[in-house]
>>> print(open('entry.txt').read())   # compact mmCIF, C-alpha atoms
# COMPACT_ATOMS: atom_id res chain seq x y z
CA MET A 28 85.12 107.32 57.74
CA GLY A 29 83.95 104.73 60.29
CA ALA A 30 85.01 101.11 60.27
CA GLY A 31 81.45 99.99 59.44
CA HIS A 32 81.35 102.35 56.48
CA PHE A 33 84.64 100.98 55.16
CA ARG A 34 83.63 97.33 55.57
CA LEU A 35 80.31 97.77 53.73
CA ARG A 36 81.81 99.89 50.98
CA ARG A 37 84.57 97.32 50.43
CA ARG A 38 81.97 94.54 50.48
CA ALA A 39 79.77 96.34 47.93
CA PHE A 40 82.56 96.78 45.40
CA ALA A 41 83.86 93.28 46.05
CA VAL A 42 80.42 91.92 45.26
CA ALA A 43 80.18 94.03 42.11
CA GLY A 44 83.49 92.70 40.82
CA PHE A 45 83.17 89.12 42.00
CA PHE A 46 79.91 88.06 40.35
CA PRO A 47 80.67 86.66 36.88
CA SER A 48 78.44 87.14 33.89
CA MET A 49 75.34 85.06 33.14
CA ARG A 50 76.78 83.42 30.05
CA HIS A 51 79.61 81.92 32.12
CA LEU A 52 77.43 80.64 34.95
CA LEU A 53 74.46 79.23 33.03
CA PRO A 54 76.35 76.19 31.66
CA VAL A 55 77.29 75.40 35.27
CA LEU A 56 73.88 76.01 36.80
CA PHE A 57 71.66 73.78 34.69
CA PRO A 58 73.81 70.61 34.69
CA LEU A 59 73.75 70.89 38.49
CA LEU A 60 70.00 71.28 38.33
CA ALA A 61 69.76 68.06 36.37
CA ALA A 62 71.65 66.28 39.14
CA GLY A 63 69.13 67.45 41.75
CA THR A 64 66.05 65.62 42.85
CA ALA A 65 63.27 65.45 40.28
CA ALA A 66 60.31 67.73 40.94
CA ALA A 67 56.69 67.08 40.12
CA GLN A 68 55.59 68.63 36.86
CA THR A 69 52.99 71.36 36.94
CA ILE A 70 49.46 70.69 35.73
CA PRO A 71 48.41 73.03 32.91
CA ASN A 72 45.48 75.29 33.63
CA LEU A 73 43.38 75.58 30.47
CA ILE A 74 41.46 78.73 29.59
CA ALA A 75 38.61 78.66 27.06
CA PRO A 76 36.18 81.32 25.84
CA THR A 77 32.63 80.16 25.10
CA LEU A 78 30.46 80.71 22.05
CA ASN A 79 27.17 82.21 23.21
CA ASN A 80 27.91 84.09 26.43
CA THR A 81 31.68 84.63 25.84
CA LEU A 82 32.45 83.31 29.30
CA ILE A 83 36.12 82.82 30.23
CA ASP A 84 36.20 79.26 31.55
CA GLN A 85 39.13 77.60 33.35
CA SER A 86 39.79 73.91 33.97
CA ILE A 87 42.50 71.34 34.68
CA HIS A 88 42.56 68.70 31.97
CA GLY A 89 44.43 65.96 33.84
CA THR A 90 41.81 65.70 36.59
CA CYS A 91 38.84 67.02 34.57
CA THR A 92 38.43 69.68 37.23
CA PRO A 93 36.41 72.82 36.42
CA LEU A 94 37.83 75.95 38.01
CA GLY A 95 34.91 78.29 37.38
CA ASN A 96 34.40 81.06 34.87
CA CYS A 97 33.73 84.76 34.54
CA GLY A 98 32.03 86.86 31.90
CA SER A 99 33.53 89.23 29.36
CA LEU A 100 32.04 92.38 27.83
CA GLN A 101 31.87 90.90 24.33
CA PRO A 102 28.64 89.67 22.71
CA GLY A 103 28.28 86.05 21.65
CA THR A 104 29.18 85.02 18.12
CA GLY A 105 25.91 83.23 17.40
CA THR A 106 26.19 80.03 15.35
CA TRP A 107 29.69 80.42 13.87
CA PHE A 108 31.51 77.71 15.81
CA TRP A 109 34.88 78.57 14.28
CA ALA A 110 34.82 82.22 15.43
CA GLY A 111 36.73 83.11 18.59
CA GLY A 112 40.20 82.93 20.12
CA SER A 113 42.20 83.19 23.34
CA ALA A 114 45.85 83.69 24.33
CA TRP A 115 47.38 83.82 27.81
CA ASP A 116 49.53 86.92 28.40
CA SER A 117 51.84 86.19 31.35
CA THR A 118 53.42 89.65 31.25
CA ASN A 119 50.09 91.23 32.18
CA THR A 120 48.55 88.27 34.07
CA GLY A 121 45.68 88.43 31.63
CA VAL A 122 44.07 86.65 28.73
CA TRP A 123 43.32 87.98 25.26
CA ILE A 124 39.78 87.01 24.22
CA SER A 125 38.08 87.42 20.85
CA ASN A 126 34.54 86.54 19.82
CA GLY A 127 35.71 86.68 16.21
CA SER A 128 34.95 90.33 15.49
CA SER A 129 36.01 91.96 18.77
CA LEU A 130 39.22 91.75 20.83
CA ALA A 131 40.02 92.61 24.45
CA ARG A 132 42.34 91.61 27.28
CA TYR A 133 41.05 90.62 30.70
CA GLY A 134 42.96 90.35 33.96
CA MET A 135 42.37 86.95 35.50
CA ASN A 136 42.86 88.20 39.07
CA GLY A 137 39.27 89.37 39.30
CA CYS A 138 38.27 89.05 35.62
CA THR A 139 38.67 92.79 35.00
CA LEU A 140 38.95 94.48 31.61
CA GLN A 141 42.56 95.56 30.96
CA CYS A 142 42.24 97.01 27.46
CA GLY A 143 39.80 97.12 24.57
CA PRO A 144 37.48 96.01 23.20
CA PHE A 145 38.50 96.97 19.69
CA LEU A 146 38.54 95.50 16.19
CA PRO A 147 41.14 92.72 15.75
CA PRO A 148 43.85 93.23 13.10
CA VAL A 149 42.77 90.35 10.81
CA LEU A 150 41.21 89.91 7.38
CA GLY A 151 38.13 87.92 8.41
CA TRP A 152 36.90 86.46 11.68
CA VAL A 153 39.46 85.63 14.38
CA THR A 154 39.38 81.83 14.60
CA GLY A 155 42.38 81.20 16.88
CA MET A 156 45.08 82.96 18.91
CA ASP A 157 48.31 82.21 20.77
CA MET A 158 51.12 84.11 22.49
CA HIS A 159 54.80 83.77 21.63
CA ASP A 160 56.15 84.39 25.14
CA GLY A 161 59.81 84.61 24.17
CA ASN A 162 59.16 87.44 21.68
CA ASN A 163 56.14 88.87 23.51
CA ARG A 164 54.10 88.69 20.29
CA LEU A 165 50.41 87.90 19.81
CA TRP A 166 49.52 85.56 16.94
CA PHE A 167 46.19 85.21 15.12
CA ILE A 168 44.69 82.93 12.49
CA ASP A 169 41.58 84.11 10.68
CA SER A 170 38.74 82.68 8.62
CA SER A 171 40.46 83.77 5.38
CA GLY A 172 43.33 81.37 6.10
CA TRP A 173 45.85 84.08 6.99
CA ILE A 174 48.24 83.96 9.96
CA HIS A 175 49.28 87.24 11.58
CA GLU A 176 52.03 88.12 14.06
CA ALA A 177 51.27 91.26 16.07
CA THR A 178 52.70 93.29 18.91
CA ASN A 179 51.41 92.56 22.40
CA ALA A 180 50.01 96.07 22.77
CA CYS A 181 46.68 97.86 23.18
CA PRO A 182 45.70 97.60 20.40
CA PRO A 183 47.96 94.97 18.74
CA VAL A 184 49.70 96.04 15.54
CA VAL A 185 50.45 93.44 12.83
CA VAL A 186 54.14 93.10 11.94
CA ASN A 187 54.03 89.98 9.71
CA SER A 188 51.36 88.05 7.79
CA TRP A 189 51.34 84.76 5.88
CA ASN A 190 48.73 83.24 3.57
CA THR A 191 48.28 79.51 4.28
CA GLY A 192 46.28 79.03 1.08
CA LEU A 193 43.38 77.64 3.13
CA PRO A 194 40.50 80.10 2.66
CA ILE A 195 37.02 79.38 3.98
CA THR A 196 35.34 76.97 1.58
CA GLY A 197 31.73 76.08 2.30
CA THR A 198 31.77 74.97 5.93
CA THR A 199 35.52 74.25 6.01
CA VAL A 200 37.62 76.91 7.74
CA THR A 201 40.89 77.37 9.64
CA SER A 202 39.86 77.11 13.28
CA ALA A 203 42.81 77.25 15.75
CA ILE A 204 46.52 77.98 16.18
CA ALA A 205 49.29 77.11 18.67
CA ILE A 206 53.07 77.71 18.89
CA ASP A 207 55.93 75.45 20.03
CA GLU A 208 58.67 77.93 20.93
CA LEU A 209 61.20 75.24 21.90
CA ARG A 210 61.25 73.62 18.47
CA GLY A 211 60.24 76.60 16.32
CA LEU A 212 56.96 75.04 15.18
CA ILE A 213 53.48 76.34 14.58
CA PHE A 214 50.33 74.20 14.52
CA TYR A 215 46.99 75.17 13.02
CA THR A 216 43.78 73.33 12.30
CA THR A 217 41.07 73.22 9.68
CA CYS A 218 37.63 71.76 10.22
CA ASP A 219 34.61 70.98 8.09
CA PHE A 220 31.90 72.07 10.49
CA GLY A 221 29.22 70.59 8.27
CA PHE A 222 30.53 67.03 8.60
CA GLY A 223 32.81 67.18 11.65
CA ASN A 224 36.18 66.43 10.04
CA GLY A 225 39.16 68.08 11.76
CA TRP A 226 42.78 68.25 10.56
CA ILE A 227 45.99 69.61 12.08
CA ARG A 228 48.93 71.03 10.16
CA ALA A 229 52.51 71.59 11.35
CA ALA A 230 54.82 74.23 9.86
CA PRO A 231 58.11 75.97 10.72
CA LEU A 232 57.50 79.11 12.76
CA ALA A 233 59.85 81.00 10.43
CA ASN A 234 57.49 80.29 7.50
CA PRO A 235 54.02 79.35 8.83
CA ALA A 236 52.56 78.93 5.35
CA ALA A 237 55.00 76.11 4.49
CA TRP A 238 53.25 73.27 6.32
CA PHE A 239 55.02 69.93 6.01
CA ASN A 240 52.55 67.62 7.77
CA VAL A 241 48.77 67.14 7.77
CA ALA A 242 47.04 64.70 10.11
CA PRO A 243 43.41 64.01 11.06
CA LEU A 244 42.16 64.67 14.58
CA PHE A 245 39.67 62.42 16.32
CA ASP A 246 38.33 62.52 19.86
CA CYS A 247 37.02 59.83 22.18
CA MET A 248 33.36 60.77 21.87
CA PRO A 249 30.98 58.89 19.54
CA VAL A 250 30.15 62.05 17.58
CA PRO A 251 31.72 63.83 14.59
CA THR A 252 35.05 65.41 15.46
CA LEU A 253 35.05 69.18 15.50
CA VAL A 254 38.13 71.25 16.40
CA THR A 255 37.55 74.77 17.67
CA GLY A 256 40.64 75.44 19.81
CA LEU A 257 44.28 74.46 20.22
CA ALA A 258 47.06 75.06 22.79
CA CYS A 259 50.67 73.83 23.01
CA ASP A 260 52.69 72.68 26.04
CA ALA A 261 56.05 72.55 24.27
CA ALA A 262 58.11 71.34 27.26
CA ASN A 263 55.97 68.21 27.46
CA SER A 264 55.51 67.87 23.66
CA ALA A 265 51.75 68.01 24.19
CA LEU A 266 48.87 69.62 22.33
CA TYR A 267 45.53 70.36 23.96
CA TRP A 268 42.59 70.77 21.64
CA THR A 269 38.87 71.14 22.06
CA ASN A 270 35.87 70.02 20.06
CA GLY A 271 33.77 72.58 21.93
CA ARG A 272 32.41 70.02 24.38
CA GLY A 273 35.60 68.82 26.05
CA THR A 274 39.40 68.87 25.97
CA ASN A 275 41.83 66.38 24.45
CA ARG A 276 45.57 65.90 25.06
CA TRP A 277 47.82 64.50 22.31
CA THR A 278 51.59 64.18 22.43
CA TYR A 279 53.85 64.54 19.40
CA ASN A 280 57.33 63.59 18.24
CA TYR A 281 59.14 65.99 15.93
CA ASN A 282 62.02 64.88 13.71
CA PRO A 283 63.66 67.96 12.16
CA THR A 284 65.68 65.97 9.61
CA GLY A 285 62.53 65.04 7.67
CA PRO A 286 60.99 67.11 8.80
CA THR A 287 58.31 64.79 10.14
CA ILE A 288 55.93 64.82 13.05
CA ALA A 289 53.97 61.96 14.59
CA TYR A 290 51.05 62.27 17.00
CA THR A 291 49.97 59.94 19.80
CA PRO A 292 46.34 60.36 20.93
CA GLY A 293 46.01 60.66 24.69
CA THR A 294 43.39 61.48 27.27
CA CYS A 295 40.11 63.27 26.78
CA CYS A 296 37.95 65.08 29.30
CA LEU A 297 34.32 66.13 29.00
CA GLN A 298 33.93 69.51 30.68
CA LEU A 299 30.45 69.79 32.16
CA ALA A 300 30.59 73.51 32.92
CA PRO A 301 29.69 75.90 31.37
CA MET A 302 28.00 73.53 28.91
CA PRO A 303 25.93 73.68 26.76
CA ASP A 304 27.85 76.83 25.83
CA PRO A 305 30.69 75.36 23.70
CA TYR A 306 34.34 76.36 23.76
CA THR A 307 35.72 78.35 20.80
CA ASP A 308 39.46 78.18 21.62
CA LEU A 309 42.01 77.02 24.21
CA SER A 310 45.06 78.58 25.84
CA ILE A 311 47.31 77.56 28.72
CA ARG A 312 47.56 79.72 31.82
CA TRP A 313 51.15 79.06 32.88
CA GLY A 314 51.97 78.64 36.55
CA GLY A 315 53.37 81.72 38.26
CA ALA A 316 55.43 82.17 41.40
CA THR A 317 54.59 81.58 45.06
CA SER A 318 55.86 84.29 47.39
CA ALA A 319 57.30 83.73 50.87
CA GLY A 320 58.63 86.13 53.46
CA GLY A 321 58.63 89.90 53.27
CA PRO A 322 60.91 92.90 52.84
CA CYS A 323 63.32 94.32 55.38
CA ALA A 324 65.87 97.12 55.58
CA ASN A 325 68.56 98.38 57.92
CA GLY A 326 71.21 101.07 58.07
CA ALA A 327 71.13 103.49 55.14
CA CYS A 328 68.48 101.45 53.28
CA ALA A 329 64.98 102.95 53.36
CA PRO A 330 62.10 100.65 54.46
CA CYS A 331 60.76 100.20 50.91
CA PRO A 332 58.28 97.46 49.84
CA ASN A 333 61.01 95.76 47.71
CA VAL A 334 58.56 93.63 45.72
CA HIS A 335 60.22 90.77 43.85
CA LEU A 336 58.15 89.28 41.00
CA LEU A 337 58.37 87.40 37.70
CA ARG A 338 57.59 89.68 34.78
CA ASN A 339 56.77 86.77 32.47
CA ALA A 340 56.29 82.99 32.64
CA PRO A 341 59.25 80.64 33.38
CA LEU A 342 59.02 78.82 30.04
CA LEU A 343 61.96 76.78 28.78
CA GLY A 344 63.67 78.34 25.78
CA THR A 345 62.68 81.90 26.74
CA ASN A 346 64.30 84.76 28.65
CA LEU A 347 62.82 84.93 32.14
CA GLN A 348 62.54 88.46 33.54
CA LEU A 349 63.14 88.66 37.28
CA GLY A 350 61.88 91.99 38.53
CA LEU A 351 62.32 94.15 41.61
CA ASP A 352 59.82 97.01 42.07
CA LEU A 353 59.14 99.69 44.69
CA CYS A 354 62.76 99.67 45.81
CA GLN A 355 65.35 102.31 46.65
CA PRO A 356 67.18 103.89 43.70
CA ALA A 357 70.96 104.10 43.26
CA THR A 358 71.75 100.95 45.25
CA PHE A 359 73.66 97.79 44.34
CA ALA A 360 70.81 95.34 43.69
CA LEU A 361 71.55 91.61 43.41
CA CYS A 362 69.25 88.70 42.64
CA GLY A 363 70.05 85.13 43.65
CA VAL A 364 68.59 82.14 41.78
CA ASP A 365 68.72 78.61 43.15
CA PHE A 366 67.04 75.28 42.64
CA GLY A 367 64.56 74.08 45.21
CA PRO A 368 61.83 76.05 46.99
CA CYS A 369 62.21 79.00 49.34
CA ASN A 370 62.66 78.03 52.99
CA THR A 371 62.56 79.80 56.35
CA GLY A 372 66.13 80.93 55.78
CA VAL A 373 69.01 81.98 57.96
CA ALA A 374 69.70 85.57 59.04
CA PHE A 375 73.29 86.65 59.56
CA PRO A 376 74.93 90.09 59.88
CA PRO A 377 74.98 92.45 58.12
CA LEU A 378 71.81 91.29 56.31
CA CYS A 379 68.56 92.77 57.58
CA GLY A 380 66.70 89.46 57.34
CA PRO A 381 66.91 85.79 56.38
CA LEU A 382 68.28 84.61 53.05
CA MET A 383 65.53 82.15 52.08
CA LEU A 384 67.23 80.45 49.12
CA PRO A 385 68.30 76.79 49.55
CA MET A 386 71.96 77.90 49.17
CA THR A 387 73.02 74.93 47.00
CA ALA A 388 76.25 74.66 45.03
CA ALA A 389 74.28 75.70 41.93
CA MET A 390 73.09 79.04 43.33
CA LEU A 391 73.46 81.76 40.69
CA PRO A 392 74.06 85.38 41.81
CA MET A 393 72.92 87.95 39.23
CA GLY A 394 73.95 91.58 39.08
CA PRO A 395 74.62 94.00 40.48
CA ASN A 396 71.97 96.24 38.90
CA ILE A 397 71.38 99.88 39.78
CA PRO A 398 67.61 100.44 40.25
CA ALA A 399 66.23 103.68 38.83
CA GLY A 400 62.96 105.46 39.46
CA PRO A 401 61.20 108.72 40.27
CA GLY A 402 61.09 108.54 44.06
CA PRO A 403 62.72 107.19 47.23
CA CYS A 404 60.82 103.86 47.05
CA ALA A 405 59.68 103.93 43.41
CA ALA A 406 62.68 102.44 41.62
CA SER A 407 62.73 99.23 39.57
CA THR A 408 65.18 96.91 37.89
CA THR A 409 65.07 93.64 35.94
CA TRP A 410 67.49 90.72 35.59
CA ILE A 411 67.34 88.52 32.47
CA LEU A 412 67.76 84.77 32.96
CA PRO A 413 68.00 82.76 29.70
CA LEU A 414 66.27 79.43 30.29
CA PRO A 415 67.65 76.41 28.42
CA SER A 416 65.85 74.98 25.39
CA ASN A 417 65.90 71.53 26.94
CA PRO A 418 62.62 69.75 27.80
CA SER A 419 64.42 67.54 30.35
CA PHE A 420 64.32 70.47 32.80
CA VAL A 421 60.52 70.70 32.82
CA GLY A 422 59.11 70.59 36.33
CA THR A 423 62.34 71.77 38.00
CA VAL A 424 61.53 73.83 41.10
CA MET A 425 63.47 77.10 41.36
CA SER A 426 63.64 80.03 43.77
CA SER A 427 64.88 83.62 43.69
CA GLN A 428 65.37 86.50 46.12
CA CYS A 429 66.78 90.03 45.83
CA LEU A 430 69.30 91.85 48.02
CA SER A 431 70.35 95.50 47.88
CA LEU A 432 73.44 97.18 49.35
CA CYS A 433 73.00 100.82 50.37
CA LEU A 434 76.09 102.90 50.97
CA PRO A 435 77.51 103.67 53.43
CA ASN A 436 76.08 100.99 55.72
CA GLY A 437 72.81 99.24 54.97
CA THR A 438 71.07 96.28 53.36
CA SER A 439 67.56 95.59 52.15
CA MET A 440 65.94 92.34 51.04
CA SER A 441 62.85 91.30 49.10
CA ASN A 442 60.39 88.49 49.42
CA CYS A 443 61.45 85.07 48.08
CA LEU A 444 59.76 83.46 45.05
CA THR A 445 59.33 79.76 44.29
CA TRP A 446 58.58 78.90 40.66
CA VAL A 447 58.65 75.91 38.31
CA LEU A 448 60.22 75.57 34.86
CA GLN A 449 57.52 74.84 32.29
>>> encode(input="entry.txt", output="structure tokens")
Amino acid sequence: MGAGHFRLRRRAFAVAGFFPSMRHLLPVLFPLLAAGTAAAQTIPNLIAPTLNNTLIDQSIHGTCTPLGNCGSLQPGTGTWFWAGGSAWDSTNTGVWISNGSSLARYGMNGCTLQCGPFLPPVLGWVTGMDMHDGNNRLWFIDSSGWIHEATNACPPVVVNSWNTGLPITGTTVTSAIAIDELRGLIFYTTCDFGFGNGWIRAAPLANPAAWFNVAPLFDCMPVPTLVTGLACDAANSALYWTNGRGTNRWTYNYNPTGPTIAYTPGTCCLQLAPMPDPYTDLSIRWGGATSAGGPCANGACAPCPNVHLLRNAPLLGTNLQLGLDLCQPATFALCGVDFGPCNTGVAFPPLCGPLMLPMTAAMLPMGPNIPAGPGPCAASTTWILPLPSNPSFVGTVMSSQCLSLCLPNGTSMSNCLTWVLQ
């Protein structure tokens, strides 16, 4: 056995034994993050389906900036303003869209159909949708006043249902739904579309039918207030809702001892495009990761693509999945997480390329994992990073990069990702 073989083998097993478990390092990591420099918070990207042409429109509320739209394969709903829903699916980089009686998922990188269309698993018309990212579950509210929790599958399968006791009565109907995963809350709205009176209810997520608060909604336009869509930014305690013509942002304060909830009306934004085709729901397209650098390999490591990616959104209170795909199987794969963005990095032997993490005192090494797959460069593995249920970390900039050790004498590295806690 050569000296190089011995050094790398000793290093591999030293690494495997040295890295402590996640539950021991997380309490250390996030207090150090709090001591770092504050990062700018991300601006939510709102997605809204439209009534007549079922366009998928995108906009930024804070700057009233339209981001364009694309068409779906679903027909318009006609005159039923309450029909329709949307939910952002970060695991598939797509958005679930319903016109009320049809359901499909579309990839937003090119507006391509991912699955469907098929009948939605509800009792009446779909009137609102949201995604529970932590549980990877798709939620619906329908025109019969029922709330449904379903699998995020093609097609979704209902696993739980609750009757809110709010059936369609005349022109009054349940019209939207949104989930606060940090606080375990669910919000849903009713609206009298004949007179333009909108109301929002708050309930515990564990029992959505047991609403404990009802409050009226009003917008900043001199017209009757309709409410056709709702989305929740839990980390910022903010609700976005639409009257079909524009978007509104309200903040809220939840007191669990009551329980009570108080709303503070905020900004409103009239979206000019694709009007006059009104919005039927809202969802938030969470910010993903920005990639820097590329893969490398030396020694016994094959020159695989080594693609590092986030498998879901970095939302506070959820389990972030850090993935490595198209890598070499049966290696010791490690993933480093740090605060701050990726940089140009420093290369030092025996690594095949630069380590692009900021290398702060809070850097968290994860692993080692053993990638598995069907071919020489077709293996995958995933690290689970529990994100704290603490809104004070919103906007924190993070980075991650993967490293593999190949016996007897090689290393490989992935691209580096920069992402923001939301």
>>> residues_around(input="entry.txt", residues="range 319-323 of chain A", least_positions_apart="6", cutoff="6 Å", atoms="all atoms listed in the file", output="list of chain:residue names")
A:Asn333, A:Cys379, A:Ser439, A:Met440, A:Ser441, A:Asn442, A:Cys443
>>> closest_residue(input="entry.txt", among="A:Val241, A:Leu73, A:Ile311, A:Cys259", to="Thr287 in chain A", atoms="only C-alpha atoms")
A:Val241
>>> residues_around(input="entry.txt", residues="Thr81 in chain A", least_positions_apart="5", cutoff="10 Å", atoms="all atoms listed in the file", output="PyMOL selection string")
chain A and resi 75-76+97-104+111+124-126+304-307
>>> closest_residue(input="entry.txt", among="A:Trp109, A:Trp410, A:Phe145, A:Trp238", to="Leu212 in chain A", atoms="all atoms listed in the file")
A:Trp238
>>> closest_atom_pairs(input="entry.txt", of="range 80-166 of chain A", to="range 272-281 of chain A", cutoff="9 Å", atoms="only C-alpha atoms", output="tab-separated table")
residue	atom	partner	partner_atom	distance
A:His88	CA	A:Thr274	CA	6.8
A:Gly89	CA	A:Arg276	CA	8.9
A:Cys91	CA	A:Thr274	CA	8.8
>>> atom_distance(input="entry.txt", atom1="CA of Ala261 in chain A", atom2="CA of Gln449 in chain A")
8.5 Å
>>> residues_around(input="entry.txt", residues="range 328-330 of chain A", least_positions_apart="3", cutoff="7 Å", atoms="only C-alpha atoms", output="ChimeraX atom specification")
/A:323-325,355,433,437-439
>>> closest_residue(input="entry.txt", among="A:Asp246, A:Asp160, A:Asp169, A:Asp207", to="Ala114 in chain A", atoms="all atoms listed in the file")
A:Asp160
>>> atom_distance(input="entry.txt", atom1="CA of Thr371 in chain A", atom2="CA of Met383 in chain A")
5.7 Å
>>> atom_distance(input="entry.txt", atom1="CA of Leu209 in chain A", atom2="CA of Leu347 in chain A")
14.2 Å
>>> closest_residue(input="entry.txt", among="A:Trp268, A:Trp313, A:Trp107, A:Trp226", to="Gly127 in chain A", atoms="all atoms listed in the file")
A:Trp107
>>> closest_residue(input="entry.txt", among="A:Leu244, A:Val364, A:Leu349, A:Ile206", to="Pro231 in chain A", atoms="all atoms listed in the file")
A:Ile206
>>> closest_residue(input="entry.txt", among="A:Asn339, A:Ser318, A:Ser202, A:Thr92", to="Gly121 in chain A", atoms="all atoms listed in the file")
A:Asn339
>>> residues_around(input="entry.txt", residues="Ser113 in chain A", least_positions_apart="4", cutoff="6 Å", atoms="all atoms listed in the file", output="compact mmCIF listing (two decimals) with C-alpha atoms, keeping the file's coordinate frame")
# COMPACT_ATOMS: atom_id res chain seq x y z
CA TRP A 123 43.32 87.98 25.26
CA ILE A 124 39.78 87.01 24.22
CA MET A 156 45.08 82.96 18.91
CA ASP A 308 39.46 78.18 21.62
CA SER A 310 45.06 78.58 25.84
>>> residues_near_point(input="entry.txt", point="(73.4, 82.7, 46.7)", cutoff="12 Å", atoms="all atoms listed in the file", output="list in words")
Val42, Phe46, Leu56, Leu361, Cys362, Gly363, Val364, Asp365, Phe366, Gly372, Leu382, Met383, Leu384, Pro385, Met386, Thr387, Ala388, Ala389, Met390, Leu391, Pro392, Met393, Gly394, Ser426, Ser427, Gln428, Cys429 and Leu430 of chain A
>>> closest_atom_pairs(input="entry.txt", of="range 140-177 of chain A", to="range 183-198 of chain A", cutoff="9 Å", atoms="only C-alpha atoms", output="tab-separated table")
residue	atom	partner	partner_atom	distance
A:Pro147	CA	A:Pro183	CA	7.8
A:Pro148	CA	A:Val185	CA	6.6
A:Val149	CA	A:Val185	CA	8.5
A:Arg164	CA	A:Pro183	CA	8.9
A:Leu165	CA	A:Pro183	CA	7.6
A:Trp166	CA	A:Val185	CA	8.9
A:Ser170	CA	A:Ile195	CA	5.9
A:Ser171	CA	A:Pro194	CA	4.6
A:Gly172	CA	A:Pro194	CA	4.6
A:Trp173	CA	A:Asn190	CA	4.5
A:Ile174	CA	A:Trp189	CA	5.2
A:His175	CA	A:Ser188	CA	4.4
A:Glu176	CA	A:Asn187	CA	5.1
A:Ala177	CA	A:Val185	CA	4.0
>>> decode(input="entry.txt", residues="range 354-365 of chain A", atoms="N, CA and C atoms", output="JSON list (two decimals), in the first residue's frame")
[["chain", "number", "residue", "atom", "x", "y", "z"],
["A", 354, "CYS", "N", -23.58, 11.61, -9.22],
["A", 354, "CYS", "CA", -22.26, 11.47, -8.58],
["A", 354, "CYS", "C", -21.84, 10.00, -8.57],
["A", 355, "GLN", "N", -20.65, 9.76, -8.09],
["A", 355, "GLN", "CA", -20.08, 8.42, -8.07],
["A", 355, "GLN", "C", -20.60, 7.65, -6.86],
["A", 356, "PRO", "N", -21.05, 6.41, -7.05],
["A", 356, "PRO", "CA", -21.55, 5.63, -5.90],
["A", 356, "PRO", "C", -20.42, 5.14, -5.00],
["A", 357, "ALA", "N", -20.82, 4.71, -3.81],
["A", 357, "ALA", "CA", -19.90, 4.06, -2.85],
["A", 357, "ALA", "C", -18.71, 4.94, -2.49],
["A", 358, "THR", "N", -18.94, 6.24, -2.34],
["A", 358, "THR", "CA", -17.91, 7.16, -1.87],
["A", 358, "THR", "C", -18.34, 7.72, -0.52],
["A", 359, "PHE", "N", -17.44, 8.44, 0.14],
["A", 359, "PHE", "CA", -17.78, 9.16, 1.37],
["A", 359, "PHE", "C", -18.16, 10.59, 0.97],
["A", 360, "ALA", "N", -19.45, 10.88, 0.94],
["A", 360, "ALA", "CA", -19.94, 12.18, 0.48],
["A", 360, "ALA", "C", -20.25, 13.06, 1.68],
["A", 361, "LEU", "N", -19.72, 14.26, 1.67],
["A", 361, "LEU", "CA", -19.91, 15.25, 2.74],
["A", 361, "LEU", "C", -20.55, 16.49, 2.14],
["A", 362, "CYS", "N", -21.30, 17.21, 2.97],
["A", 362, "CYS", "CA", -21.89, 18.47, 2.53],
["A", 362, "CYS", "C", -21.64, 19.53, 3.61],
["A", 363, "GLY", "N", -20.99, 20.61, 3.23],
["A", 363, "GLY", "CA", -20.74, 21.70, 4.16],
["A", 363, "GLY", "C", -21.76, 22.80, 4.00],
["A", 364, "VAL", "N", -22.25, 23.32, 5.13],
["A", 364, "VAL", "CA", -23.21, 24.43, 5.15],
["A", 364, "VAL", "C", -22.60, 25.58, 5.95],
["A", 365, "ASP", "N", -22.70, 26.79, 5.41],
["A", 365, "ASP", "CA", -22.10, 27.94, 6.08],
["A", 365, "ASP", "C", -23.02, 29.14, 5.89]]
